[in-house]
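*Asks:* My structure is in entry_8.txt, and what it holds is compact mmCIF, C-alpha atoms:
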```
# COMPACT_ATOMS: atom_id res chain seq x y z
CA MET A 1 121.82 109.01 157.73
CA LEU A 2 120.27 106.17 155.73
CA ALA A 3 121.61 102.64 156.16
CA PHE A 4 122.91 101.55 152.76
CA ASN A 5 121.39 98.52 151.03
CA LEU A 6 122.23 97.10 147.63
CA SER A 7 118.77 98.08 146.35
CA ASP A 8 119.49 101.70 147.29
CA ILE A 9 121.68 101.97 144.16
CA ILE A 10 118.41 102.37 142.26
CA THR A 11 115.82 103.36 144.88
CA VAL A 12 117.75 106.33 146.34
CA PRO A 13 118.26 108.09 142.94
CA PHE A 14 114.62 107.33 142.08
CA GLY A 15 113.53 108.86 145.39
CA TYR A 16 115.54 112.04 144.84
CA MET A 17 114.23 112.40 141.30
CA MET A 18 110.61 111.87 142.38
CA ASN A 19 110.98 114.38 145.22
CA LEU A 20 112.58 116.95 142.91
CA LEU A 21 109.79 116.58 140.34
CA TYR A 22 107.19 116.75 143.12
CA LEU A 23 108.65 119.96 144.54
CA ARG A 24 108.82 121.54 141.06
CA THR A 25 105.25 120.61 140.07
CA ASN A 26 103.63 120.47 143.52
CA ASN A 27 101.60 117.53 142.18
CA TYR A 28 102.39 113.88 142.80
CA GLY A 29 100.57 112.65 139.67
CA VAL A 30 102.33 115.12 137.35
CA ALA A 31 105.64 114.19 138.98
CA MET A 32 104.94 110.51 138.33
CA ILE A 33 104.09 111.20 134.67
CA LEU A 34 107.29 113.22 134.17
CA PHE A 35 109.26 110.52 135.98
CA ALA A 36 107.88 107.84 133.63
CA VAL A 37 108.79 109.90 130.55
CA ILE A 38 112.31 110.60 131.85
CA VAL A 39 112.91 106.92 132.67
CA GLN A 40 111.82 105.88 129.16
CA MET A 41 114.11 108.48 127.61
CA VAL A 42 117.02 107.17 129.70
CA LEU A 43 116.16 103.63 128.64
CA MET A 44 115.94 104.64 124.97
CA PRO A 45 119.29 102.96 124.03
CA ILE A 46 118.14 99.72 125.68
CA THR A 47 114.74 99.99 123.99
CA ALA A 48 116.45 100.56 120.63
CA LYS A 49 118.70 97.53 121.16
CA SER A 50 115.70 95.39 122.05
CA LYS A 51 113.74 96.65 119.03
CA LYS A 52 116.63 96.03 116.66
CA SER A 53 117.11 92.51 117.99
CA MET A 54 113.39 91.71 117.67
CA MET A 55 113.23 93.08 114.13
CA LYS A 56 116.28 91.06 113.10
CA MET A 57 114.69 87.99 114.63
CA SER A 58 111.53 88.66 112.63
CA ARG A 59 113.48 89.10 109.39
CA VAL A 60 115.28 85.74 109.64
CA THR A 61 112.09 83.83 110.50
CA PRO A 62 111.46 82.63 106.89
CA ARG A 63 115.05 81.34 106.63
CA ILE A 64 114.74 79.55 109.97
CA GLN A 65 111.51 77.88 108.88
CA GLU A 66 113.13 76.78 105.62
CA ILE A 67 116.01 75.20 107.56
CA GLN A 68 113.58 73.47 109.91
CA LYS A 69 111.74 71.90 106.98
CA LYS A 70 114.93 70.92 105.16
CA TYR A 71 116.53 69.25 108.18
CA ALA A 72 113.38 68.03 109.91
CA ASN A 73 114.96 64.62 110.53
CA ASP A 74 118.41 65.88 111.56
CA GLN A 75 118.13 67.98 114.71
CA GLN A 76 121.88 68.49 115.04
CA LYS A 77 122.26 69.76 111.48
CA GLN A 78 119.19 71.93 111.93
CA ASN A 79 120.63 73.58 115.06
CA GLU A 80 123.99 74.14 113.34
CA GLN A 81 122.36 75.83 110.35
CA ILE A 82 120.12 77.99 112.56
CA GLN A 83 123.07 79.09 114.67
CA ALA A 84 124.97 79.94 111.48
CA VAL A 85 122.09 82.18 110.36
CA TYR A 86 121.93 83.86 113.77
CA LYS A 87 125.68 84.48 113.69
CA GLU A 88 125.54 85.84 110.14
CA GLU A 89 122.72 88.26 110.98
CA GLY A 90 124.01 89.12 114.47
CA VAL A 91 120.86 87.85 116.17
CA GLY A 92 120.61 86.55 119.74
CA MET A 93 117.82 84.08 120.43
CA MET A 94 116.91 85.75 123.72
CA GLY A 95 118.32 89.23 123.02
CA GLY A 96 115.03 91.00 122.38
CA CYS A 97 113.25 89.28 125.28
CA LEU A 98 116.02 90.00 127.78
CA TRP A 99 116.23 93.68 126.89
CA SER A 100 112.45 94.00 127.04
CA LEU A 101 112.53 92.79 130.66
CA VAL A 102 114.62 95.76 131.78
CA PRO A 103 111.65 98.20 131.98
CA LEU A 104 109.80 95.59 134.03
CA LEU A 105 112.68 95.36 136.51
CA ILE A 106 112.45 99.11 137.14
CA LEU A 107 108.98 98.61 138.62
CA PHE A 108 110.34 96.90 141.73
CA PRO A 109 112.59 99.73 142.97
CA LEU A 110 109.95 102.27 141.91
CA TYR A 111 107.40 100.33 143.94
CA ALA A 112 109.67 100.71 146.98
CA VAL A 113 109.84 104.48 146.40
CA ILE A 114 106.04 104.73 146.22
CA ARG A 115 105.49 102.43 149.20
CA GLN A 116 108.09 104.15 151.41
CA PRO A 117 107.89 107.87 150.51
CA ILE A 118 109.10 109.03 153.95
CA THR A 119 112.30 107.02 153.52
CA TYR A 120 113.06 107.69 149.84
CA MET A 121 111.33 110.98 148.98
CA LEU A 122 111.63 112.81 152.30
CA HIS A 123 115.03 111.16 152.96
CA GLU A 124 114.36 110.21 156.54
CA SER A 125 116.20 107.31 158.15
CA ALA A 126 114.39 104.02 158.76
CA GLU A 127 114.23 104.84 162.48
CA SER A 128 112.76 108.32 161.89
CA ALA A 129 110.25 106.95 159.36
CA ALA A 130 109.13 104.32 161.86
CA LYS A 131 108.81 107.00 164.57
CA ILE A 132 106.67 109.19 162.29
CA VAL A 133 104.34 106.30 161.52
CA GLU A 134 104.14 105.32 165.18
CA THR A 135 103.32 108.88 166.28
CA ILE A 136 100.53 109.37 163.72
CA ARG A 137 99.11 105.89 164.37
CA ALA A 138 98.93 106.67 168.09
CA ALA A 139 97.11 109.95 167.40
CA ALA A 140 94.68 108.57 164.76
CA PRO A 141 94.62 104.74 164.75
CA GLU A 142 91.44 104.70 162.61
CA LEU A 143 93.46 105.91 159.60
CA PHE A 144 95.51 102.71 159.49
CA SER A 145 94.50 99.16 158.62
CA ALA A 146 95.81 95.81 159.78
CA ASN A 147 98.01 95.74 156.68
CA THR A 148 101.13 97.69 157.62
CA TYR A 149 102.59 97.55 154.10
CA TYR A 150 101.37 101.06 153.18
CA ASP A 151 101.78 102.69 156.57
CA GLN A 152 104.32 105.21 155.21
CA VAL A 153 101.96 106.21 152.39
CA ILE A 154 99.14 106.90 154.88
CA ALA A 155 101.44 108.67 157.31
CA ALA A 156 103.10 110.82 154.61
CA GLN A 157 99.72 112.30 153.69
CA MET A 158 98.83 113.06 157.32
CA ILE A 159 102.15 114.63 158.44
CA PRO A 160 100.96 118.29 158.12
CA GLN A 161 97.94 117.58 160.34
CA PHE A 162 100.10 116.09 163.11
CA ALA A 163 103.05 118.45 162.80
CA GLU A 164 103.00 119.43 166.50
CA GLN A 165 103.01 115.84 167.74
CA LEU A 166 105.85 115.02 165.36
CA ARG A 167 107.95 117.99 166.53
CA ALA A 168 107.55 116.79 170.09
CA ALA A 169 108.43 113.18 169.20
CA ILE A 170 111.26 114.05 166.78
CA PRO A 171 112.83 117.40 167.74
CA ASN A 172 115.21 117.54 164.75
CA ILE A 173 112.57 116.77 162.10
CA SER A 174 113.02 118.94 159.00
CA ALA A 175 110.53 121.47 157.63
CA GLU A 176 110.49 119.62 154.31
CA THR A 177 109.37 116.44 156.06
CA LEU A 178 106.67 118.33 157.98
CA ALA A 179 105.21 119.48 154.64
CA GLY A 180 104.37 115.84 153.92
CA ILE A 181 103.32 114.49 150.52
CA ASN A 182 99.99 114.99 148.78
CA PHE A 183 99.17 111.92 146.67
CA GLY A 184 96.13 113.56 145.12
CA PHE A 185 95.82 113.68 141.32
CA LEU A 186 92.58 114.69 139.58
CA GLY A 187 90.68 113.72 142.72
CA ILE A 188 92.37 110.30 142.87
CA ASN A 189 94.53 109.19 145.77
CA LEU A 190 97.56 107.65 144.01
CA GLY A 191 98.80 106.31 147.34
CA ALA A 192 95.73 104.07 147.73
CA VAL A 193 95.34 100.57 146.34
CA PRO A 194 92.56 100.35 143.67
CA GLN A 195 89.65 98.05 144.51
CA PHE A 196 88.49 95.58 141.87
CA ASN A 197 84.90 95.43 143.20
CA VAL A 198 84.56 99.20 143.11
CA PHE A 199 80.97 99.24 141.82
CA ALA A 200 79.76 96.73 144.44
CA ALA A 201 81.11 98.66 147.43
CA THR A 202 79.22 101.06 149.67
CA TRP A 203 81.20 103.95 148.18
CA ALA A 204 80.32 102.71 144.67
CA TRP A 205 80.13 106.07 142.93
CA ASP A 206 82.98 107.77 144.77
CA TRP A 207 85.22 109.27 142.05
CA ALA A 208 88.39 108.75 144.10
CA HIS A 209 87.86 104.97 144.01
CA ILE A 210 86.45 104.85 140.48
CA GLY A 211 89.38 106.93 139.23
CA ALA A 212 91.90 104.58 140.88
CA PHE A 213 90.03 101.64 139.31
CA LEU A 214 90.25 103.26 135.86
CA VAL A 215 93.96 103.99 136.29
CA ALA A 216 94.67 100.31 137.03
CA LEU A 217 92.47 99.26 134.10
CA SER A 218 94.16 101.77 131.77
CA SER A 219 97.62 100.45 132.65
CA ALA A 220 96.59 96.98 131.42
CA GLY A 221 94.91 98.47 128.33
CA SER A 222 98.04 100.41 127.42
CA GLN A 223 100.04 97.17 127.55
CA VAL A 224 97.60 95.47 125.15
CA LEU A 225 97.74 98.39 122.72
CA SER A 226 101.52 98.74 122.96
CA MET A 227 102.21 95.05 122.34
CA TRP A 228 99.66 94.88 119.49
CA VAL A 229 101.30 97.83 117.73
CA SER A 230 104.74 96.30 118.32
CA GLN A 231 103.69 92.96 116.81
CA LYS A 232 102.19 94.61 113.73
CA LEU A 233 105.33 96.66 113.19
CA ASN A 234 107.59 93.62 113.59
CA ASP A 235 105.49 91.56 111.16
CA SER A 236 105.81 94.28 108.53
CA VAL A 237 109.58 93.70 108.24
CA ILE A 238 109.45 89.91 107.80
CA THR A 239 110.86 89.19 104.34
CA ASP A 240 111.98 86.07 102.54
CA LYS A 241 115.52 85.37 101.29
CA ASP A 242 114.84 87.48 98.17
CA GLY A 243 113.75 90.59 100.12
CA LEU A 244 110.01 90.27 99.51
CA GLN A 245 107.53 90.68 102.37
CA ASP A 246 106.35 87.30 103.64
CA LYS A 247 102.91 87.81 105.18
CA GLU A 248 102.19 84.09 105.50
CA THR A 249 105.30 83.51 107.59
CA ALA A 250 104.53 86.58 109.68
CA LYS A 251 101.11 85.15 110.42
CA ASN A 252 102.07 81.55 111.23
CA SER A 253 105.60 81.83 112.63
CA GLN A 254 106.46 80.55 116.08
CA GLN A 255 107.52 84.05 117.04
CA ALA A 256 104.09 85.39 116.05
CA GLN A 257 102.40 82.76 118.21
CA SER A 258 104.65 83.61 121.15
CA SER A 259 103.89 87.32 120.67
CA LYS A 260 100.17 86.62 120.79
CA ILE A 261 100.58 84.77 124.08
CA MET A 262 102.72 87.56 125.53
CA MET A 263 100.21 90.14 124.29
CA TRP A 264 97.70 88.72 126.77
CA MET A 265 100.01 87.50 129.52
CA MET A 266 101.69 90.87 130.10
CA PRO A 267 98.43 92.88 130.36
CA LEU A 268 96.95 90.28 132.71
CA MET A 269 100.02 90.57 134.91
CA SER A 270 99.74 94.36 134.72
CA LEU A 271 96.07 94.12 135.73
CA TRP A 272 96.91 91.92 138.70
CA ILE A 273 99.68 94.26 139.83
CA GLY A 274 97.37 97.26 139.33
CA PHE A 275 94.91 95.97 141.92
CA THR A 276 97.54 94.88 144.45
CA VAL A 277 99.77 97.98 144.66
CA ALA A 278 99.25 101.74 144.96
CA ALA A 279 97.58 103.49 142.03
CA GLY A 280 100.71 105.58 141.45
CA LEU A 281 102.50 102.52 140.06
CA SER A 282 99.64 101.87 137.63
CA LEU A 283 99.86 105.48 136.46
CA TYR A 284 103.58 105.03 135.87
CA TRP A 285 102.97 101.82 133.90
CA PHE A 286 100.24 103.44 131.81
CA VAL A 287 102.42 106.42 130.84
CA SER A 288 105.43 104.16 130.21
CA GLY A 289 103.37 101.96 127.91
CA MET A 290 102.20 104.91 125.84
CA VAL A 291 105.72 106.36 125.59
CA ARG A 292 107.12 102.96 124.55
CA MET A 293 104.48 102.69 121.84
CA VAL A 294 105.54 106.04 120.37
CA GLN A 295 109.19 104.97 120.61
CA ASP A 296 108.28 101.71 118.90
CA VAL A 297 106.86 103.52 115.88
CA ILE A 298 109.85 105.86 115.62
CA LEU A 299 112.43 103.06 115.97
CA THR A 300 110.62 100.84 113.48
CA ARG A 301 110.62 103.59 110.87
CA HIS A 302 114.32 104.20 111.52
CA TYR A 303 115.39 100.56 111.22
CA ARG A 304 112.99 99.87 108.37
CA LYS A 305 114.87 102.37 106.20
CA ILE A 306 118.06 100.38 106.82
CA TYR A 307 116.41 97.02 106.24
CA ASP A 308 114.52 98.25 103.17
CA ALA A 309 117.88 99.18 101.61
CA GLU A 310 119.15 95.66 102.37
CA ASP A 311 115.97 94.15 100.91
CA ALA A 312 116.40 96.24 97.76
CA VAL A 313 119.89 94.76 97.26
CA ARG A 314 118.58 91.24 97.86
CA LEU A 315 115.73 91.81 95.41
CA GLN A 316 118.16 93.20 92.80
CA LYS A 317 120.30 90.07 93.15
CA ARG A 318 117.22 87.92 92.70
CA LEU A 319 116.21 89.76 89.53
CA GLU A 320 119.77 89.43 88.22
CA ARG A 321 119.70 85.67 88.87
CA GLU A 322 116.35 85.40 87.07
CA ARG A 323 117.72 87.37 84.11
CA GLU A 324 120.79 85.09 83.88
CA GLU A 325 118.64 81.97 84.11
CA ALA A 326 116.33 83.29 81.40
CA GLU A 327 119.32 83.98 79.11
CA LYS A 328 120.74 80.50 79.71
CA GLU A 329 117.36 78.94 78.97
CA ARG A 330 117.09 80.96 75.75
CA GLN A 331 120.51 79.70 74.64
CA ARG A 332 119.57 76.12 75.50
CA ALA A 333 116.35 76.48 73.50
CA GLU A 334 118.33 77.72 70.47
CA ARG A 335 120.72 74.76 70.68
CA ARG A 336 117.83 72.33 70.95
CA ALA A 337 116.18 73.89 67.90
CA ALA A 338 119.44 73.72 65.89
CA ASN A 339 120.14 70.13 66.91
CA PRO A 340 116.81 68.41 67.62
CA ASP A 341 118.43 64.94 67.64
CA GLY A 342 120.83 65.96 70.39
CA ILE A 343 123.93 64.68 68.54
CA THR A 344 127.01 66.64 69.51
CA GLU A 345 130.63 66.28 68.48
CA ASN A 346 133.53 66.03 70.86
CA THR A 347 134.43 69.59 71.78
CA SER A 348 137.22 68.97 74.25
CA LYS A 349 140.07 71.48 74.14
CA LYS A 350 142.61 68.94 72.92
CA LYS A 351 140.37 67.66 70.14
CA LEU A 352 139.60 71.19 69.00
CA GLN A 353 143.33 71.99 68.82
CA GLN A 354 144.02 68.84 66.81
CA LYS A 355 141.18 69.63 64.45
CA GLN A 356 142.42 73.18 63.98
CA GLN A 357 145.94 71.90 63.29
CA ARG A 358 144.69 69.43 60.65
CA GLU A 359 142.69 72.18 58.98
CA GLN A 360 145.78 74.42 58.87
CA GLU A 361 147.92 71.62 57.39
CA ALA A 362 145.26 70.82 54.83
CA ALA A 363 145.09 74.50 53.87
CA LYS A 364 148.88 74.63 53.44
CA ALA A 365 148.87 71.48 51.30
CA ALA A 366 146.09 72.88 49.10
CA ALA A 367 148.02 76.13 48.68
CA ALA A 368 151.21 74.18 47.77
CA ARG A 369 149.38 72.16 45.11
CA GLU A 370 147.83 75.29 43.64
CA TYR A 371 151.24 77.00 43.50
CA ALA A 372 152.88 73.93 41.89
CA ALA A 373 150.13 73.75 39.30
CA ARG A 374 150.66 77.40 38.33
CA LYS A 375 154.41 76.92 37.99
CA GLY A 376 154.14 73.62 36.13
CA VAL A 377 156.11 71.75 38.79
CA GLN A 378 155.49 68.02 38.86
CA ARG A 379 154.78 67.02 42.49
CA PRO A 380 155.20 63.41 43.64
CA ALA A 381 152.02 61.47 43.99
CA GLU A 382 150.57 61.73 47.51
CA PRO A 383 149.65 58.53 49.30
CA GLU A 384 146.08 57.63 49.32
CA GLU A 385 144.30 58.73 52.48
CA ASP A 386 142.53 55.41 52.71
CA ALA A 387 145.61 53.25 52.04
CA PRO A 388 145.77 50.31 54.47
CA LEU A 389 148.37 50.54 57.20
CA SER A 390 149.83 47.13 56.35
CA GLY A 391 150.02 47.68 52.62
CA VAL A 392 147.62 44.75 52.17
CA LYS A 393 144.27 46.08 51.07
CA GLU A 394 142.38 42.96 52.12
CA ARG A 395 144.00 43.00 55.58
CA PRO A 396 144.57 46.69 56.49
CA ASN A 397 145.46 46.04 60.13
CA CYS A 398 147.51 42.89 59.85
CA LYS A 399 150.72 44.89 60.14
CA GLY A 400 151.23 47.77 62.47
CA ARG A 401 152.62 51.21 61.71
CA ALA A 402 156.08 50.07 62.82
CA TYR A 403 156.12 47.02 60.55
CA ASP A 404 159.47 46.48 58.89
CA PRO A 405 159.61 43.53 56.48
CA ASN A 406 163.44 43.43 56.66
CA ARG A 407 163.71 43.49 60.47
CA TYR A 408 164.57 39.80 60.86
CA ARG A 409 166.29 39.30 57.48
CA THR A 410 169.95 38.28 57.67
CA THR A 411 172.67 39.48 55.34
CA GLU A 412 172.90 36.01 53.84
CA ASP A 413 169.32 36.30 52.75
```
Starting from the coordinates I provided, produce the structure as structure tokens.

*Replies:*
Amino acid sequence: MLAFNLSDIITVPFGYMMNLLYLRTNNYGVAMILFAVIVQMVLMPITAKSKKSMMKMSRVTPRIQEIQKKYANDQQKQNEQIQAVYKEEGVGMMGGCLWSLVPLLILFPLYAVIRQPITYMLHESAESAAKIVETIRAAAPELFSANTYYDQVIAAQMIPQFAEQLRAAIPNISAETLAGINFGFLGINLGAVPQFNVFAATWAWDWAHIGAFLVALSSAGSQVLSMWVSQKLNDSVITDKDGLQDKETAKNSQQAQSSKIMMWMMPLMSLWIGFTVAAGLSLYWFVSGMVRMVQDVILTRHYRKIYDAEDAVRLQKRLEREREEAEKERQRAERRAANPDGITENTSKKKLQQKQQREQEAAKAAAAREYAARKGVQRPAEPEEDAPLSGVKERPNCKGRAYDPNRYRTTED
């Protein structure tokens, strides 16, 4: 019975899956390829979430740069506006990066499965695994090196050759364990660590070592290709606030610069790992990178349809604004042509009502005079419009409208 560790939550299921695939295919390399594809399919929802977050981040880049220029001298206001944009678009600053780290975290438990195949694939206890290694090392010490890190990998390949010794040392050992594990794949030992100086060694043209070298190199190359394709696809969805593609922003944005750095940092890390761990892990990373690249293309096409529809609405709104502005400018041009001096009368609502009322009264008065003239009726003379308010022509304003000459006159007077 295996002693349970927290890491076994991942490593034990990985071990069972790898062993099942190995038994079905009878080939460790094919099992590793199928395992990589299955893992990427399981991680598809996480990959989609990461892709969506990264594409949203790319789309808001022009708006973020505009805010940064507008509030260059007010960092607090700049951060508030940027956070408002992120909240409006549902973007997390680290969302895409965090989700993209999940596939990387799977490498660590998978590395344990590859490094300890007797424990996780053959399901032997730690004590039994140690006994198997000890028995084979005692029978053939030349097979092992001073580095004990890959002892289980070496021992797992040699179990069938030392089956009798193992039966004597471990009476209850299972037949499945005695079958061992063959790490061979296309003449390459996927349980061995690739050597960087492969062409300078005494076994320079040994295909087993050259093949392992190429597997490690291919894993780094697949990361370069995958990240390059991802960056190009993300740049293609960067649009300005009006829904038009913004190639200049895509080229010079901070996100683009960060992507370029990551495009070289990740492959270099992959290359370093490839020449420090068993070749099986490099094969897994190579296949995973190629599968992620295909997923990237599919997800980008899917989300682009959604974002293209949003861009079409934004572009339609922009064209509508331009049409309205053009119409307003045409009307302003007509008013300028009709009134080149720019003199305008008071057009307040109250003044217009008063003017309309005066016009109506004047029309009624004109109609009354016309009717009286037809009937021969003598109408009283109307006061002159320009008659002074005071009744004194020389001094029209010397007496107000409420002037009453008899106000202070007494009855005696």

*Asks:* Using all atoms listed in the file for the distances, tell me which of A:Asp8, A:Glu176, A:Glu127, A:Glu134 is nearest to Leu20 (chain A).

*Replies:*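 Under the stated criterion, the closest residue is A:Glu176.
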
*Asks:* Taking only C-alpha atoms into account, which of A:Leu271, A:Met41, A:Ala192, A:Leu283 comes nearest Leu110 (chain A)?

*Replies:* A:Leu283

*Asks:* So, with all atoms listed in the file as the atoms that count, which of A:Asn189, A:Thr135, A:Ile173, A:Arg304 lies closest to Gln157 (chain A)?

*Replies:*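 Among the listed residues, A:Asn189 lies closest to Gln157 (chain A).
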
*Asks:* Starting from the point (93.1, 99.7, 129.2), work out which residues of protein, DNA or RNA have an atom no more than 12 Å away when counting only C-alpha atoms; state them as JSON, numbers by chain.

*Replies:* {"A": [213, 214, 215, 216, 217, 218, 219, 220, 221, 222, 223, 224, 225, 226, 267, 268, 270, 271, 274, 282, 283, 285, 286, 287, 289, 290]}

*Asks:* Find the distance between CA of Gly187 (chain A) and CA of Gly29 (chain A) and write it in Å to one decimal.

*Replies:* 10.4 Å

*Asks:* When you draw a straight line from CA of Ala309 (chain A) to CA of Thr47 (chain A), how long is it in Å?

*Replies:*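 CA of Ala309 (chain A) sits 22.6 Å away from CA of Thr47 (chain A).
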
*Asks:* Between CA of Tyr120 (chain A) and CA of Val12 (chain A), what is the distance in Å, rounded to a tenth?

*Replies:* 6.0 Å

*Asks:* From the options A:Met57, A:Ile132, A:Ala368, A:Ile210, which residue's atoms come nearest to Ala168 (chain A), counting all atoms listed in the file?

*Replies:*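 Ranking A:Met57, A:Ile132, A:Ala368, A:Ile210 by distance to Ala168 (chain A), first place goes to A:Ile132.
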
*Asks:* Counting only C-alpha atoms, select every polymer residue within 6 Å of (112.1, 97.2, 116.6) as defined in the file's coordinates, and provide the selection as number ranges by chain.

*Replies:* A: 51-52, 54-55, 299-300

*Asks:* Around region 110-128 of chain A, fit a box with edges along x, y and z, padding it by 3 Å on each side, then list its centre and edge lengths in Å to one decimal as JSON.

*Replies:*
```
{"center_x": 110.8, "center_y": 106.6, "center_z": 152.2, "size_x": 16.7, "size_y": 18.5, "size_z": 26.6}
```

*Asks:* Mind checking which residues fall within 10 Å of Pro160 (chain A), counting all atoms listed in the file, ignoring those fewer than 6 positions away in the same chain, and posting them as a PyMOL selection string?

*Replies:* chain A and resi 166+177-182

*Asks:* Using only C-alpha atoms, pick whichever of A:Pro194, A:Ala72, A:Asp308, A:Glu370 has the shortest atom-to-atom distance to Trp207 (chain A).

*Replies:*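 Counting only C-alpha atoms, the residue closest to Trp207 (chain A) is A:Pro194.
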